[in-house]
Amino acid sequence: MPVEVVMPKLGLTMTEGLIVEWKKKEGDEVKKGDVLFVLETEKVTYDVEAPQDGVLGKVLVQEQETVPVGTVVGYLLMPGEKADAIVAAPAAPRADAAPAASAAPAARAPRKPAGEKVKLTIIGGGTGGYPAAIRAARLGAEVTLIEKDLLGGVCLNWGCIPTKALLQTAGVIKAMKSSDLFGISCKGYDINFKTVMDRKSAVSSQLTKGVKGLLGAKKVKVIKGTASLVDKRTVQIAETGEKIVSDAILIAIGSKPIVLPIDGIDGPDVMDSNAVLSMETLPKSVVIIGGGVISCEFAQILSSMGCGVTILELMPTILPGMDKDISAILHKEMEASGIKIFTDAKVKKIQHKKKGENIVTYELGGKELTAHAEKVLATVGRKPDLEALNLDKVGIACEKGAIVVNEHMETNVEGIYAAGDVVGGIMLAHLATAEAECAARNIVGQDWTMNYRVVPSCIYTDPEIASVGLSEDEARKVADIQVGTFPFRGNGKAMVLGKTEGMVKVIADKKYGEILGVHIIGPHATDMIAEAVLGMNLEMTAEELAHAIHPHPTLTEAIMEAGQTLSGGCIHMP
Ligand SMILES: Cc1cc2nc3c(=O)[nH]c(=O)nc-3n(C[C@H](O)[C@H](O)[C@H](O)COP(=O)(O)OP(=O)(O)OC[C@H]3O[C@@H](n4cnc5c(N)ncnc54)[C@H](O)[C@@H]3O)c2cc1C
């Protein structure tokens, strides 16, 4: 089949390109990598290369014409094909050129005549729902927010915040254990588990109260109850029967843990993350099924307080999907701290012998092995929680258990939007907020689209991990790349802190130096990644990073020096 040659998208802000010159003409043979045409945008002039060998069969867009990104500008014929094999559509952008996930484009919510407020109902008061309520109210909408449980959702009550509060306790314990290094001899310590858990809960409830105050200040009507859809403009509260009619609805109901079909998974000592956060006593030992982000954070929390932890991960590495060098460093650090990790381990069954005595059987390298523990924690991911909503009643399209939305965060039903964990994909609090705010803006009549190119993700283990953009493996598949690394052992501030483990990795396109990904493992990685986020949003090159003057002594100098390794070499490594 003839291969389409399209106007590429070279950067976040590029929407169209001018064809300056065709370097090949119809009928010319081309080899993969030959320059087909030169394009020009507001920012760059770029040689577009042939994606594979062939013959340039047809040119659809002529020199000096400007066309949107994604437009088919010509066709390459494969060996044996004739020009009449091309059934060329008129030059128009391809649907898949859109930068974000897209469903069938739906019309926008009806705007109110000037002076009339848009009425918006939001289902779910988590990190998607509550910022959307505040944003929409700031933009003049009349907002009702329905929450069945606690404002702040998983993030403030059962996720980001409580786990980080407990990791802070783990950090204090580690600091005490290593205090000799700083000349302070610490003669042991006692852990008051109740105080640890109370502090965690106090941080959550202070934030949740803050959310309530913010919503009140913006006159958002908050209803406690379980909402479902009656029709495309009406929501009903199950507990009271109350019906709310509005101009638009935003669904932000989040997700729930995936429960694996493992024999014994419903046993009395098997916990999910909520159960761990509600524990009244620290177990002596825990087997954690799954080696993802949540598992690794809990492993360090529990292990730091003296609980024996074993992780069983099905994939060949912990943190599957993460840059391999980075996950290998964390693996080594966790094992050094006494956490047992088995990868390629398939859990077969969990046997509950008696209270606090459980045997987890798993397969590893063709052998059946067992791990014994007081408790079992199963954290193998989360999935959207759609059951109570009545989505079928209004015909909202779902795919792989998640609500489908277009780049405006609107579902296939006009006026109904969805955001956060409920739309699947990357499930992170800051992404939920970004998506929900995008929806809120569109609902009040603005025109916003989501872009998923620069979404940071962070892991709050010790050492911390943070990344944005493509991993090295992903980048190699799509571009000719260069990789610069800089270890924290070459950074003065890291030595001051006594935390020299880890490194920064910068991945850049070879031709123009544009940064495609940044990965950090080391102290304060989760704060430092914001520099890379901002830079990548502005299409920063490695050279620009290398030449930006960074303050001294700071950990951020390691990011600059990783950039310098791609731009003439760094200073503090041979
Ligand atoms: C242990 C753990 C740690 C995490 N750590 C991090 C982290 O460090 N950083 C990060 O970015 N992300 C983290 N996450 C993920 C993050 O919490 C979620 O991505 C985020 O909360 C999603 O926000 P949301 O608004 O889509 O959903 P949620 O926060 O789940 O909010 C949805 C809300 O809707 C309510 N609701 C559901 N159905 C209805 C209904 N029918 N009617 C009314 N209300 C309803 C729920 O009660 C809930 O309050 C973590 C998750 C877990 C489980």
# chains A, B, ... in the order shown; residues from 1 in each chain; ligands from 1

$ residues_around --residues "range 119-136 of chain A" --least-positions-apart "2" --cutoff "8 Å" --atoms "only C-alpha atoms" --output "ChimeraX atom specification"
/A:117,138-148,150-156,211,214-215,218,220,227,235,244,246-254,419-420,429-430,432-437,439-441,443-444

$ residues_around --residues "Glu63 in chain A" --least-positions-apart "5" --cutoff "10 Å" --atoms "only C-alpha atoms" --output "list in words"
Leu18, Ile19, Val20, Glu21, Trp22, Phe37, Val38 and Leu39 of chain A

$ atom_distance --atom1 "CA of Pro261 in chain A" --atom2 "CA of Ile318 in chain A"
20.9 Å

$ select_by_dssp --residues "range 294-364 of chain A" --states "strand (DSSP E or B)" --output "VMD selection string"
chain A and resid 308 to 312 340 to 342 346 to 354 357 to 364

$ write_last_selection --atoms "C-alpha atoms" --output "PDB file, in the first residue's frame"
ATOM      1  CA  GLY A 308       9.867  -7.341  57.226  1.00  0.00           C
ATOM      2  CA  VAL A 309       8.868  -6.697  53.602  1.00  0.00           C
ATOM      3  CA  THR A 310       8.910  -9.011  50.592  1.00  0.00           C
ATOM      4  CA  ILE A 311       7.896  -7.716  47.141  1.00  0.00           C
ATOM      5  CA  LEU A 312       6.685 -10.147  44.459  1.00  0.00           C
ATOM      6  CA  LYS A 340      13.391  -8.664  49.723  1.00  0.00           C
ATOM      7  CA  ILE A 341      12.474  -8.285  46.048  1.00  0.00           C
ATOM      8  CA  PHE A 342      11.585 -11.080  43.641  1.00  0.00           C
ATOM      9  CA  LYS A 346       3.891 -14.955  39.509  1.00  0.00           C
ATOM     10  CA  VAL A 347       1.676 -15.207  42.574  1.00  0.00           C
ATOM     11  CA  LYS A 348      -0.497 -18.342  42.414  1.00  0.00           C
ATOM     12  CA  LYS A 349      -2.398 -18.373  45.726  1.00  0.00           C
ATOM     13  CA  ILE A 350      -2.670 -16.928  49.204  1.00  0.00           C
ATOM     14  CA  GLN A 351      -3.433 -19.331  52.054  1.00  0.00           C
ATOM     15  CA  HIS A 352      -4.740 -17.971  55.314  1.00  0.00           C
ATOM     16  CA  LYS A 353      -3.615 -20.389  58.038  1.00  0.00           C
ATOM     17  CA  LYS A 354      -4.800 -18.409  61.043  1.00  0.00           C
ATOM     18  CA  GLU A 357      -0.306 -16.317  59.398  1.00  0.00           C
ATOM     19  CA  ASN A 358      -0.451 -16.338  55.617  1.00  0.00           C
ATOM     20  CA  ILE A 359       1.435 -18.244  52.951  1.00  0.00           C
ATOM     21  CA  VAL A 360       1.824 -16.704  49.518  1.00  0.00           C
ATOM     22  CA  THR A 361       2.744 -19.230  46.832  1.00  0.00           C
ATOM     23  CA  TYR A 362       4.480 -17.905  43.738  1.00  0.00           C
ATOM     24  CA  GLU A 363       6.197 -19.296  40.652  1.00  0.00           C
ATOM     25  CA  LEU A 364       9.734 -18.189  39.866  1.00  0.00           C
TER      26      LEU A 364
END
